[in-house]
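Chemist: Take a look at structure-v6.txt, compact mmCIF, C-alpha atoms and all ligand atoms:
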# COMPACT_ATOMS: atom_id res chain seq x y z
CA MET A 1 108.35 115.27 178.04
CA SER A 2 108.83 116.46 181.62
CA LEU A 3 106.78 114.84 184.35
CA LEU A 4 104.74 117.95 185.08
CA THR A 5 103.63 118.40 181.46
CA LYS A 6 102.25 114.87 181.74
CA VAL A 7 99.91 115.95 184.56
CA PRO A 8 96.80 117.70 183.13
CA THR A 9 96.70 121.39 184.09
CA GLY A 10 94.27 122.03 186.92
CA ALA A 11 93.92 118.31 187.68
CA ASP A 12 92.50 117.55 191.09
CA LEU A 13 95.26 115.12 192.05
CA LEU A 14 93.43 113.73 195.07
CA ALA A 15 90.38 112.85 192.99
CA GLU A 16 92.46 111.60 190.04
CA ILE A 17 94.63 109.35 192.25
CA ASP A 18 91.56 108.03 193.97
CA ALA A 19 89.85 107.20 190.66
CA LEU A 20 93.00 105.49 189.34
CA ARG A 21 93.38 103.49 192.55
CA LYS A 22 89.88 102.05 191.99
CA GLU A 23 90.32 101.54 188.24
CA ARG A 24 93.61 99.68 188.73
CA ASN A 25 92.52 97.79 191.87
CA ALA A 26 95.59 99.31 193.49
CA VAL A 27 96.60 99.66 197.11
CA ILE A 28 98.70 102.68 198.10
CA LEU A 29 101.25 101.85 200.81
CA ALA A 30 103.25 104.67 202.41
CA HIS A 31 106.08 104.94 204.91
CA TYR A 32 105.90 107.42 207.80
CA TYR A 33 108.70 109.49 206.21
CA GLN A 34 106.54 110.47 203.22
CA THR A 35 105.05 113.96 203.03
CA PRO A 36 101.64 114.47 204.74
CA ASP A 37 99.71 114.63 201.43
CA ILE A 38 101.01 111.17 200.47
CA GLN A 39 100.44 109.74 203.97
CA ASP A 40 96.88 111.05 203.90
CA ILE A 41 95.95 109.50 200.56
CA ALA A 42 97.54 106.12 201.34
CA ASP A 43 95.43 103.07 202.21
CA PHE A 44 97.99 102.14 204.81
CA VAL A 45 100.90 103.97 206.47
CA GLY A 46 103.43 101.95 208.44
CA ASP A 47 106.99 100.97 209.32
CA SER A 48 109.11 98.61 207.22
CA LEU A 49 107.83 95.43 208.89
CA GLU A 50 104.16 96.44 208.73
CA LEU A 51 104.53 97.48 205.09
CA SER A 52 106.16 94.14 204.22
CA ARG A 53 103.30 92.30 205.89
CA LYS A 54 100.70 94.37 204.03
CA ALA A 55 102.49 93.81 200.71
CA ALA A 56 102.58 90.05 201.32
CA ALA A 57 98.89 89.88 202.25
CA THR A 58 97.17 92.28 199.84
CA ASP A 59 94.76 91.05 197.17
CA ALA A 60 95.16 94.21 195.09
CA ASP A 61 96.51 93.87 191.52
CA VAL A 62 98.83 96.86 191.89
CA ILE A 63 100.92 98.01 194.85
CA ALA A 64 101.78 101.70 194.60
CA PHE A 65 104.66 101.92 197.03
CA CYS A 66 105.35 105.36 198.46
CA GLY A 67 108.65 104.79 200.18
CA VAL A 68 112.16 103.98 199.00
CA LYS A 69 113.27 101.38 196.48
CA PHE A 70 114.35 98.63 198.90
CA MET A 71 110.81 98.76 200.36
CA ALA A 72 109.17 98.47 196.93
CA ASP A 73 111.62 95.67 196.04
CA THR A 74 110.56 93.88 199.23
CA ALA A 75 106.91 94.15 198.17
CA LYS A 76 107.77 92.62 194.78
CA ILE A 77 109.85 89.82 196.37
CA LEU A 78 106.90 88.88 198.57
CA SER A 79 104.17 89.44 195.97
CA PRO A 80 105.79 88.60 192.60
CA HIS A 81 102.53 88.39 190.66
CA LYS A 82 101.50 91.92 191.55
CA LYS A 83 102.59 95.02 189.69
CA VAL A 84 104.66 97.12 192.11
CA ILE A 85 105.14 100.74 191.15
CA LEU A 86 107.39 103.31 192.83
CA PRO A 87 106.69 106.98 192.01
CA ASP A 88 110.41 107.76 191.62
CA MET A 89 112.87 104.96 190.84
CA ASP A 90 115.74 107.11 192.19
CA ALA A 91 114.32 106.93 195.73
CA GLY A 92 117.27 104.95 197.10
CA CYS A 93 118.85 104.72 200.55
CA SER A 94 122.37 105.50 201.80
CA LEU A 95 122.44 102.18 203.68
CA GLU A 96 121.69 100.20 200.52
CA ASP A 97 124.36 102.21 198.66
CA SER A 98 126.93 101.41 201.37
CA CYS A 99 126.69 97.68 200.79
CA PRO A 100 127.51 96.50 197.24
CA PRO A 101 126.61 92.80 196.82
CA GLU A 102 130.10 91.70 195.58
CA LYS A 103 131.76 93.22 198.64
CA PHE A 104 129.15 91.75 200.96
CA LYS A 105 129.61 88.33 199.35
CA ALA A 106 133.39 88.52 199.88
CA PHE A 107 132.84 89.57 203.52
CA ARG A 108 130.54 86.60 204.08
CA GLU A 109 133.01 84.22 202.45
CA ALA A 110 135.75 85.52 204.76
CA HIS A 111 133.60 84.55 207.78
CA PRO A 112 132.07 81.17 206.91
CA ASP A 113 131.14 80.37 210.52
CA HIS A 114 128.93 83.50 210.83
CA ILE A 115 125.29 83.87 209.82
CA ALA A 116 124.27 87.11 208.13
CA LEU A 117 121.57 88.96 210.02
CA THR A 118 120.80 91.82 207.66
CA TYR A 119 118.80 95.02 208.00
CA ILE A 120 116.01 95.27 205.41
CA ASN A 121 117.57 98.54 204.14
CA CYS A 122 119.67 96.74 201.51
CA SER A 123 119.42 95.55 197.91
CA THR A 124 117.60 92.39 196.81
CA GLU A 125 121.01 90.86 195.96
CA VAL A 126 122.25 91.44 199.52
CA LYS A 127 119.01 89.94 200.88
CA ALA A 128 119.69 86.91 198.68
CA LEU A 129 123.15 86.59 200.28
CA SER A 130 121.72 86.84 203.81
CA ASP A 131 120.23 84.32 206.24
CA ILE A 132 117.69 86.41 208.11
CA ILE A 133 116.39 89.92 207.41
CA VAL A 134 115.41 92.21 210.27
CA THR A 135 113.68 95.57 210.52
CA SER A 136 114.14 97.97 213.41
CA SER A 137 110.88 96.73 214.93
CA SER A 138 111.71 93.02 214.60
CA ALA A 139 115.48 92.96 215.23
CA GLU A 140 115.34 92.43 218.99
CA THR A 141 112.70 89.66 218.84
CA ILE A 142 114.72 87.89 216.16
CA LEU A 143 118.14 88.31 217.78
CA ALA A 144 116.75 86.88 221.03
CA GLN A 145 115.97 83.63 219.15
CA ILE A 146 119.50 83.10 217.83
CA PRO A 147 121.59 80.80 220.05
CA PRO A 148 124.28 82.75 221.97
CA GLU A 149 127.16 80.68 220.53
CA GLN A 150 126.14 81.49 216.93
CA LYS A 151 128.50 84.09 215.39
CA ILE A 152 126.77 86.91 213.54
CA ILE A 153 127.57 89.40 210.77
CA PHE A 154 125.24 92.40 211.01
CA GLY A 155 124.90 94.82 208.10
CA PRO A 156 124.58 97.32 206.64
CA ASP A 157 123.72 99.74 209.49
CA ARG A 158 126.54 99.91 212.02
CA HIS A 159 124.49 102.08 214.37
CA LEU A 160 121.54 99.67 214.57
CA GLY A 161 124.02 96.78 214.84
CA GLY A 162 125.98 98.60 217.56
CA TYR A 163 122.80 99.39 219.48
CA LEU A 164 121.70 95.72 219.40
CA SER A 165 125.17 94.57 220.30
CA ARG A 166 125.28 96.85 223.38
CA LYS A 167 121.72 96.01 224.43
CA PHE A 168 122.18 92.23 224.16
CA GLY A 169 125.82 92.22 225.35
CA ARG A 170 126.55 90.25 222.20
CA GLU A 171 129.47 90.77 219.85
CA MET A 172 128.64 91.03 216.14
CA LEU A 173 130.78 91.82 213.11
CA LEU A 174 129.35 95.13 211.85
CA TRP A 175 129.20 96.34 208.25
CA PRO A 176 130.25 100.03 208.25
CA GLY A 177 127.11 101.61 206.67
CA VAL A 178 125.14 104.55 208.07
CA CYS A 179 121.89 106.38 207.38
CA ILE A 180 122.87 109.91 206.29
CA VAL A 181 119.63 111.27 207.77
CA HIS A 182 119.96 109.90 211.32
CA GLU A 183 123.71 110.54 211.29
CA ALA A 184 122.97 114.27 210.84
CA PHE A 185 121.42 114.85 214.29
CA SER A 186 123.62 117.00 216.51
CA GLU A 187 124.28 116.03 220.12
CA THR A 188 125.20 119.65 221.01
CA GLU A 189 121.97 121.01 219.54
CA LEU A 190 119.94 118.20 221.14
CA LEU A 191 121.33 119.08 224.58
CA LYS A 192 120.50 122.78 224.01
CA LEU A 193 116.93 121.75 223.13
CA LYS A 194 116.73 119.54 226.20
CA GLU A 195 117.75 122.54 228.35
CA GLN A 196 114.78 124.43 226.91
CA TYR A 197 112.40 121.49 227.50
CA PRO A 198 113.86 119.64 230.51
CA ASP A 199 110.70 117.57 231.06
CA ALA A 200 110.36 116.41 227.46
CA PRO A 201 111.54 112.83 226.89
CA ILE A 202 113.60 112.01 223.79
CA ALA A 203 112.48 109.21 221.44
CA ALA A 204 115.13 108.07 218.95
CA HIS A 205 115.36 105.64 216.02
CA PRO A 206 118.14 103.04 216.40
CA GLU A 207 119.68 104.28 213.12
CA CYS A 208 120.93 107.26 215.20
CA PRO A 209 124.56 107.24 216.39
CA PRO A 210 125.32 106.49 220.08
CA SER A 211 125.83 110.24 220.77
CA ILE A 212 122.03 110.62 220.28
CA ILE A 213 120.88 107.18 221.52
CA ASP A 214 122.68 107.73 224.84
CA HIS A 215 120.32 110.63 225.63
CA ALA A 216 117.14 108.84 224.55
CA ASP A 217 114.38 107.79 226.93
CA TYR A 218 112.96 105.48 224.26
CA VAL A 219 114.70 103.80 221.30
CA GLY A 220 112.65 102.03 218.64
CA SER A 221 111.29 101.79 215.11
CA THR A 222 109.00 104.43 213.62
CA SER A 223 105.92 102.50 214.79
CA GLY A 224 107.52 102.05 218.21
CA ILE A 225 108.17 105.80 218.46
CA LEU A 226 104.53 106.46 217.53
CA LYS A 227 103.38 104.09 220.25
CA PHE A 228 105.65 105.83 222.76
CA ALA A 229 104.18 109.19 221.65
CA ARG A 230 100.71 107.91 222.49
CA GLU A 231 101.72 106.44 225.83
CA PHE A 232 104.23 108.81 227.50
CA ALA A 233 102.78 110.76 230.39
CA GLY A 234 103.93 114.33 229.57
CA ASP A 235 102.81 116.78 226.91
CA THR A 236 106.00 117.45 224.90
CA LEU A 237 108.21 114.93 223.08
CA ILE A 238 111.53 115.41 221.27
CA VAL A 239 111.60 113.17 218.19
CA ALA A 240 114.97 111.99 216.83
CA THR A 241 113.97 110.48 213.51
CA GLU A 242 112.85 111.77 210.11
CA PRO A 243 110.44 114.61 210.94
CA HIS A 244 107.58 113.63 208.59
CA ILE A 245 106.52 111.05 211.18
CA ILE A 246 105.36 114.00 213.31
CA HIS A 247 102.38 114.34 210.94
CA GLN A 248 100.88 111.11 212.35
CA MET A 249 101.59 112.22 215.93
CA GLU A 250 99.91 115.59 215.46
CA LYS A 251 96.88 113.94 213.84
CA ALA A 252 96.46 111.37 216.60
CA LEU A 253 97.51 113.55 219.56
CA PRO A 254 96.50 117.17 218.95
CA ASN A 255 96.99 118.09 222.63
CA LYS A 256 100.65 117.06 222.73
CA THR A 257 103.63 118.93 221.27
CA PHE A 258 106.23 117.19 219.12
CA ILE A 259 109.60 118.76 218.40
CA GLY A 260 111.97 117.36 215.78
CA ALA A 261 115.52 116.87 217.10
CA PRO A 262 117.88 119.36 215.47
CA GLY A 263 120.67 118.82 212.96
CA ALA A 264 124.05 120.55 213.16
CA ASP A 265 122.66 123.81 211.78
CA GLY A 266 120.18 124.02 214.66
CA ASN A 267 117.11 123.19 212.59
CA CYS A 268 115.99 119.84 211.29
CA SER A 269 116.04 120.50 207.51
CA CYS A 270 119.08 118.20 207.13
CA ASN A 271 117.05 115.39 208.69
CA ILE A 272 114.52 115.18 205.88
CA CYS A 273 115.30 112.01 203.92
CA PRO A 274 116.27 113.22 200.44
CA TYR A 275 115.33 109.86 198.91
CA MET A 276 111.84 109.68 200.40
CA ALA A 277 111.34 113.31 199.34
CA LEU A 278 111.66 112.34 195.65
CA ASN A 279 108.14 110.86 195.72
CA THR A 280 105.42 113.44 195.10
CA MET A 281 101.67 113.39 194.48
CA GLU A 282 102.30 114.25 190.81
CA LYS A 283 104.66 111.31 190.40
CA LEU A 284 102.24 109.00 192.23
CA TYR A 285 99.47 110.06 189.86
CA VAL A 286 101.62 109.43 186.76
CA ALA A 287 102.84 106.07 188.13
CA LEU A 288 99.26 104.89 188.72
CA ARG A 289 98.13 106.16 185.32
CA ASP A 290 101.02 104.69 183.30
CA LEU A 291 101.92 101.76 185.62
CA THR A 292 105.52 102.87 185.50
CA PRO A 293 108.18 103.02 186.96
CA GLN A 294 107.61 99.36 187.80
CA ILE A 295 109.82 97.08 189.93
CA THR A 296 111.26 94.01 188.19
CA ILE A 297 113.49 91.41 189.85
CA ASP A 298 115.42 88.45 188.48
CA GLU A 299 113.50 85.33 189.56
CA GLU A 300 116.50 83.37 190.85
CA VAL A 301 117.64 86.27 193.05
CA ARG A 302 114.05 86.88 194.19
CA ILE A 303 113.62 83.31 195.41
CA LYS A 304 116.85 83.50 197.45
CA ALA A 305 115.93 86.91 198.86
CA LYS A 306 112.45 85.66 199.75
CA ARG A 307 113.96 82.91 201.90
CA SER A 308 115.64 85.41 204.23
CA LEU A 309 112.56 87.67 204.26
CA ASP A 310 110.24 84.74 205.04
CA ARG A 311 112.47 83.88 208.01
CA MET A 312 112.04 87.43 209.24
CA LEU A 313 108.25 87.25 208.92
CA GLU A 314 108.14 83.91 210.74
CA MET A 315 110.63 84.80 213.47
CA ALA A 316 109.13 88.27 214.03
CA SER A 317 105.85 86.64 214.93
CA GLY A 318 107.59 83.98 217.02
CA THR A 319 106.49 81.03 214.85
CA VAL A 320 110.00 79.57 214.49
CA GLY A 321 111.69 77.89 217.45
CA MET A 322 115.36 77.32 218.22
CA GLY A 323 115.31 74.03 216.28
CA ASP A 324 114.77 75.79 212.96
CA LEU A 325 117.82 77.96 213.52
CA GLY A 326 120.01 74.94 212.82
CA LYS A 327 118.54 74.99 209.32
CA VAL A 328 119.35 78.69 209.06
CA ARG A 329 123.04 77.96 209.67
CA LEU A 330 123.12 75.19 207.08
CA SER A 331 121.43 77.20 204.35
CA GLY A 332 123.80 80.22 204.42
CA ASP A 333 125.36 80.93 201.01
P1 LIG A 401 111.25 101.68 210.29
O1 LIG A 401 111.18 100.25 209.95
O2 LIG A 401 111.48 101.96 211.74
O3 LIG A 401 110.06 102.42 209.76
O4 LIG A 401 112.55 102.30 209.62
C1 LIG A 401 112.55 102.44 208.28
C2 LIG A 401 113.68 103.17 207.77
O5 LIG A 401 114.76 102.76 207.72
C3 LIG A 401 113.55 104.37 207.25
O6 LIG A 401 114.77 104.97 207.47
FE1 LIG A 402 117.62 105.19 204.05
FE2 LIG A 402 118.01 106.84 206.08
FE3 LIG A 402 116.30 107.55 204.18
FE4 LIG A 402 115.70 105.56 205.88
S1 LIG A 402 115.98 107.72 206.37
S2 LIG A 402 115.45 105.53 203.67
S3 LIG A 402 117.71 104.64 206.21
S4 LIG A 402 118.53 107.24 203.94
Since I need it in another form, could you write the structure as structure tokens?
Modeler:
Amino acid sequence: MSLLTKVPTGADLLAEIDALRKERNAVILAHYYQTPDIQDIADFVGDSLELSRKAAATDADVIAFCGVKFMADTAKILSPHKKVILPDMDAGCSLEDSCPPEKFKAFREAHPDHIALTYINCSTEVKALSDIIVTSSSAETILAQIPPEQKIIFGPDRHLGGYLSRKFGREMLLWPGVCIVHEAFSETELLKLKEQYPDAPIAAHPECPPSIIDHADYVGSTSGILKFAREFAGDTLIVATEPHIIHQMEKALPNKTFIGAPGADGNCSCNICPYMALNTMEKLYVALRDLTPQITIDEEVRIKAKRSLDRMLEMASGTVGMGDLGKVRLSGD
């Protein structure tokens, strides 16, 4: 039976999802790259770090995760006794795909004196093989706590790793993964847009390549870009990240203008994340009704992955000092 035939004809999806959320004692978490209808029905919209914190702290029985699979996996790792549902199990990520666990394990084994500082956009198995997880909003705070003599492997996003490496003047061994969405922005088209709007600053996500980052007035996570949107002095902002985030900007700042940075074809259609786009209101409704697709994780792998995620949560809020980093080095796989 196709998904749509499972949704009653004429159903008021907003009302149905709302009723199911109450019936199931569910919380709906959504990333900023989800479509506006999903963002608007969510209990909480946030970046990867904020969503991880919410998932760890919720007292709901069910977490309906509107984002991509590594985010829903993270929720399950942190809250194993909750049911975590993802509207479409195929909502993956090119960064996760770029980093198969066996290859990552071999890379780690080839560099035994390095710790693995790993971007959250990876599989649970890769998290289990890592020492500390970072998100784009926590990476700088965490990197600043790692002693300068400690050698580091950074994966799987070579652009985020390269950005941190340049900013901190610190060499790191970079895994060669990229985000296909941020990689698709065009420097030529961005400069043409900048000529049209010379006073508009550019805010970019660190998953962008250096050709975009080098023109940015602000570089940061999705929540960081939103904060910059609220605080910059002008009235027009060029946004170099997935364009669905503009929904939050337009809601909060109706008097400012937000322009999505262009892809190579001169419009930003190639910058819509195809994985995030797999989640729809219909699929969210069916997932809440049937409690499927549901995330399951092998317990042994989960416990190892949780260790590196817990370090992120502690270090991101500055509750771990330099002394604990010695333990990090000793516990690497
Ligand atoms: P943020 O943590 O900045 O929201 O980034 C998430 C992400 O990778 C989506 O591409
Ligand atoms: Fe992955 Fe890029 Fe989509 Fe984020 S925008 S989920 S990094 S493919």
Chemist: Within 10 Å of range 167-170 of chain A, counting only C-alpha atoms, which residues qualify if same-chain residues fewer than 5 places away don't, as a PyMOL selection string?
Modeler: chain A and resi 140+143-144+148-149+151-152+161-162
Chemist: Using C-alpha atoms, can you write the selected residues to a file as a PDB file, in the frame of the given file?
Modeler:
ATOM      1  CA  GLU A 140     115.340  92.430 218.990  1.00  0.00           C
ATOM      2  CA  LEU A 143     118.140  88.310 217.780  1.00  0.00           C
ATOM      3  CA  ALA A 144     116.750  86.880 221.030  1.00  0.00           C
ATOM      4  CA  PRO A 148     124.280  82.750 221.970  1.00  0.00           C
ATOM      5  CA  GLU A 149     127.160  80.680 220.530  1.00  0.00           C
ATOM      6  CA  LYS A 151     128.500  84.090 215.390  1.00  0.00           C
ATOM      7  CA  ILE A 152     126.770  86.910 213.540  1.00  0.00           C
ATOM      8  CA  GLY A 161     124.020  96.780 214.840  1.00  0.00           C
ATOM      9  CA  GLY A 162     125.980  98.600 217.560  1.00  0.00           C
TER      10      GLY A 162
END
Chemist: Return as a tab-separated table the residues of chain A lying at most 8 Å from ligand LIG 402 (chain A), together with the closest atom-to-atom pair for each and the distance in Å to one decimal, counting all atoms listed in the file, with rows in chain order and ascending residue number.
Modeler:
residue	atom	partner	partner_atom	distance
A:Tyr33	CA	A:LIG402	S1	7.5
A:Gly67	CA	A:LIG402	S2	7.7
A:Val68	CA	A:LIG402	S2	5.9
A:Gly92	CA	A:LIG402	S2	6.8
A:Cys93	CA	A:LIG402	FE1	3.7
A:Ser94	CA	A:LIG402	S4	4.7
A:Leu95	CA	A:LIG402	FE1	5.7
A:Glu96	CA	A:LIG402	FE1	7.3
A:Asn121	CA	A:LIG402	S3	6.4
A:Val178	CA	A:LIG402	S3	7.7
A:Cys179	CA	A:LIG402	FE2	4.1
A:Ile180	CA	A:LIG402	S4	5.6
A:Val181	CA	A:LIG402	FE2	5.0
A:His182	CA	A:LIG402	FE2	6.4
A:Glu207	CA	A:LIG402	S3	7.2
A:Thr241	CA	A:LIG402	S1	7.9
A:Glu242	CA	A:LIG402	S1	6.3
A:Ile272	CA	A:LIG402	S1	7.6
A:Cys273	CA	A:LIG402	FE3	4.6
A:Pro274	CA	A:LIG402	FE3	6.8
A:Tyr275	CA	A:LIG402	FE3	5.8
A:Met276	CA	A:LIG402	FE3	6.2
Chemist: Work out how far CA of Gly46 in chain A is from CA of Pro206 in chain A, in Å to one decimal.
Modeler: 16.8 Å
Chemist: Please extract the residues at most 6 Å from ligand LIG 401 (chain A), counting only C-alpha atoms and all ligand atoms, and provide them as a list in words, using the chain letters and residue numbers of this document.
Modeler: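 Protein and nucleic-acid residues within 6 Å of ligand LIG 401 (chain A): Asp47, Ser48, Leu49, Thr135, Ser136, Ser221 and Thr222 of chain A.
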Chemist: Closest to Ala200 in chain A among A:Lys256, A:Arg166, A:His114, A:His159, using all atoms listed in the file?
Modeler: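 Under the stated criterion, the closest residue is A:Lys256.
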Chemist: Here is a test: counting all atoms listed in the file, which residue of A:Ser308, A:Gln196, A:Gln34, A:Asn25 is nearest to Pro87 in chain A?
Modeler: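 Of A:Ser308, A:Gln196, A:Gln34, A:Asn25, the one nearest Pro87 in chain A is A:Gln34, counting all atoms listed in the file.
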Chemist: Have a look at A:Ala55, A:Met312, A:Ile225, A:Ala139 and name the one nearest to Tyr32 in chain A; count all atoms listed in the file.
Modeler: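 Answer, going by the shortest atom-to-atom distance: A:Ile225.
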Chemist: Please measure the separation of CA of Leu174 in chain A and CA of Pro243 in chain A, giving the value in Å to one decimal.
Modeler: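 The value is 27.2 Å.
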Chemist: Excluding Arg108 in chain A and its own-chain neighbours fewer than 3 positions away, which residues fall within 12 Å of it when counting all atoms listed in the file? Please give them as a ChimeraX atom specification.
Modeler: /A:101-105,111-118,126,129-131,151-155,173-175,332-333
Chemist: Counting all atoms listed in the file, which residue out of A:Pro209, A:Ala56, A:Glu195, A:Met249 sits closest to Asp310 in chain A?
Modeler: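 When distances to Asp310 in chain A are compared using all atoms listed in the file, the smallest one comes from A:Ala56.
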Chemist: By how many Å are CA of Ile213 in chain A and CA of Leu160 in chain A apart?
Modeler: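 That distance, rounded to one decimal, is 10.3 Å.
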Chemist: Write out as a ChimeraX atom specification each polymer residue whose atoms come within 12 Å of Asp265 in chain A, counting only C-alpha atoms; drop sequence neighbours fewer than 6 positions from it.
Modeler: /A:184-190,271
Chemist: From the options A:Arg289, A:His244, A:Arg21, A:Arg230, which residue's atoms come nearest to Asp61 in chain A, counting only C-alpha atoms?
Modeler: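 Counting only C-alpha atoms, the residue closest to Asp61 in chain A is A:Arg21.
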Chemist: Please provide the set of residues having any atom within 12 Å of Ala30 in chain A, restricted to all atoms listed in the file, with same-chain residues fewer than 5 positions apart removed, written as a VMD selection string.
Modeler: chain A and resid 35 to 48 50 to 52 54 to 55 63 to 68 71 to 72 75 86 to 87 244 to 245 276 279 to 281 284
Chemist: Add whatever atoms are absent from range 105-112 of chain A to reach all heavy atoms, and provide the output as an mmCIF file, keeping the file's coordinate frame.
Modeler:
data_model
loop_
_atom_site.group_PDB
_atom_site.id
_atom_site.type_symbol
_atom_site.label_atom_id
_atom_site.label_comp_id
_atom_site.auth_asym_id
_atom_site.auth_seq_id
_atom_site.Cartn_x
_atom_site.Cartn_y
_atom_site.Cartn_z
ATOM 1 N N LYS A 105 129.368 89.762 199.604
ATOM 2 C CA LYS A 105 129.610 88.330 199.350
ATOM 3 C C LYS A 105 131.023 87.954 199.831
ATOM 4 O O LYS A 105 131.216 86.952 200.527
ATOM 5 C CB LYS A 105 129.453 88.044 197.855
ATOM 6 C CG LYS A 105 129.507 86.592 197.471
ATOM 7 C CD LYS A 105 129.001 86.425 196.025
ATOM 8 C CE LYS A 105 128.845 84.973 195.654
ATOM 9 N NZ LYS A 105 130.087 84.339 195.235
ATOM 10 N N ALA A 106 132.005 88.799 199.483
ATOM 11 C CA ALA A 106 133.390 88.520 199.880
ATOM 12 C C ALA A 106 133.516 88.536 201.417
ATOM 13 O O ALA A 106 134.213 87.700 202.002
ATOM 14 C CB ALA A 106 134.329 89.564 199.271
ATOM 15 N N PHE A 107 132.810 89.463 202.058
ATOM 16 C CA PHE A 107 132.840 89.570 203.520
ATOM 17 C C PHE A 107 132.254 88.307 204.148
ATOM 18 O O PHE A 107 132.801 87.747 205.093
ATOM 19 C CB PHE A 107 132.039 90.813 203.932
ATOM 20 C CG PHE A 107 132.171 91.199 205.382
ATOM 21 C CD1 PHE A 107 133.392 91.551 205.924
ATOM 22 C CD2 PHE A 107 131.051 91.245 206.207
ATOM 23 C CE1 PHE A 107 133.508 91.922 207.269
ATOM 24 C CE2 PHE A 107 131.156 91.611 207.548
ATOM 25 C CZ PHE A 107 132.391 91.950 208.075
ATOM 26 N N ARG A 108 131.151 87.842 203.582
ATOM 27 C CA ARG A 108 130.540 86.600 204.080
ATOM 28 C C ARG A 108 131.485 85.423 203.916
ATOM 29 O O ARG A 108 131.647 84.602 204.804
ATOM 30 C CB ARG A 108 129.259 86.289 203.291
ATOM 31 C CG ARG A 108 128.083 87.116 203.705
ATOM 32 C CD ARG A 108 126.852 86.268 203.831
ATOM 33 N NE ARG A 108 126.994 85.288 204.894
ATOM 34 C CZ ARG A 108 126.058 84.412 205.246
ATOM 35 N NH1 ARG A 108 124.923 84.398 204.593
ATOM 36 N NH2 ARG A 108 126.242 83.545 206.218
ATOM 37 N N GLU A 109 132.124 85.363 202.728
ATOM 38 C CA GLU A 109 133.010 84.220 202.450
ATOM 39 C C GLU A 109 134.226 84.225 203.384
ATOM 40 O O GLU A 109 134.776 83.184 203.711
ATOM 41 C CB GLU A 109 133.434 84.238 200.978
ATOM 42 C CG GLU A 109 132.300 83.721 200.101
ATOM 43 C CD GLU A 109 132.480 83.991 198.618
ATOM 44 O OE1 GLU A 109 133.506 84.590 198.225
ATOM 45 O OE2 GLU A 109 131.568 83.613 197.847
ATOM 46 N N ALA A 110 134.610 85.422 203.837
ATOM 47 C CA ALA A 110 135.750 85.520 204.760
ATOM 48 C C ALA A 110 135.368 85.076 206.179
ATOM 49 O O ALA A 110 136.248 84.891 207.022
ATOM 50 C CB ALA A 110 136.266 86.958 204.778
ATOM 51 N N HIS A 111 134.071 84.934 206.427
ATOM 52 C CA HIS A 111 133.600 84.550 207.780
ATOM 53 C C HIS A 111 132.570 83.424 207.674
ATOM 54 O O HIS A 111 131.391 83.616 207.987
ATOM 55 C CB HIS A 111 132.989 85.768 208.494
ATOM 56 C CG HIS A 111 133.940 86.911 208.620
ATOM 57 N ND1 HIS A 111 133.992 87.945 207.727
ATOM 58 C CD2 HIS A 111 134.920 87.139 209.529
ATOM 59 C CE1 HIS A 111 134.943 88.780 208.077
ATOM 60 N NE2 HIS A 111 135.531 88.319 209.153
ATOM 61 N N PRO A 112 133.015 82.245 207.210
ATOM 62 C CA PRO A 112 132.070 81.170 206.910
ATOM 63 C C PRO A 112 131.309 80.618 208.132
ATOM 64 O O PRO A 112 130.275 79.983 207.970
ATOM 65 C CB PRO A 112 132.951 80.073 206.294
ATOM 66 C CG PRO A 112 134.338 80.393 206.739
ATOM 67 C CD PRO A 112 134.405 81.875 206.937
#
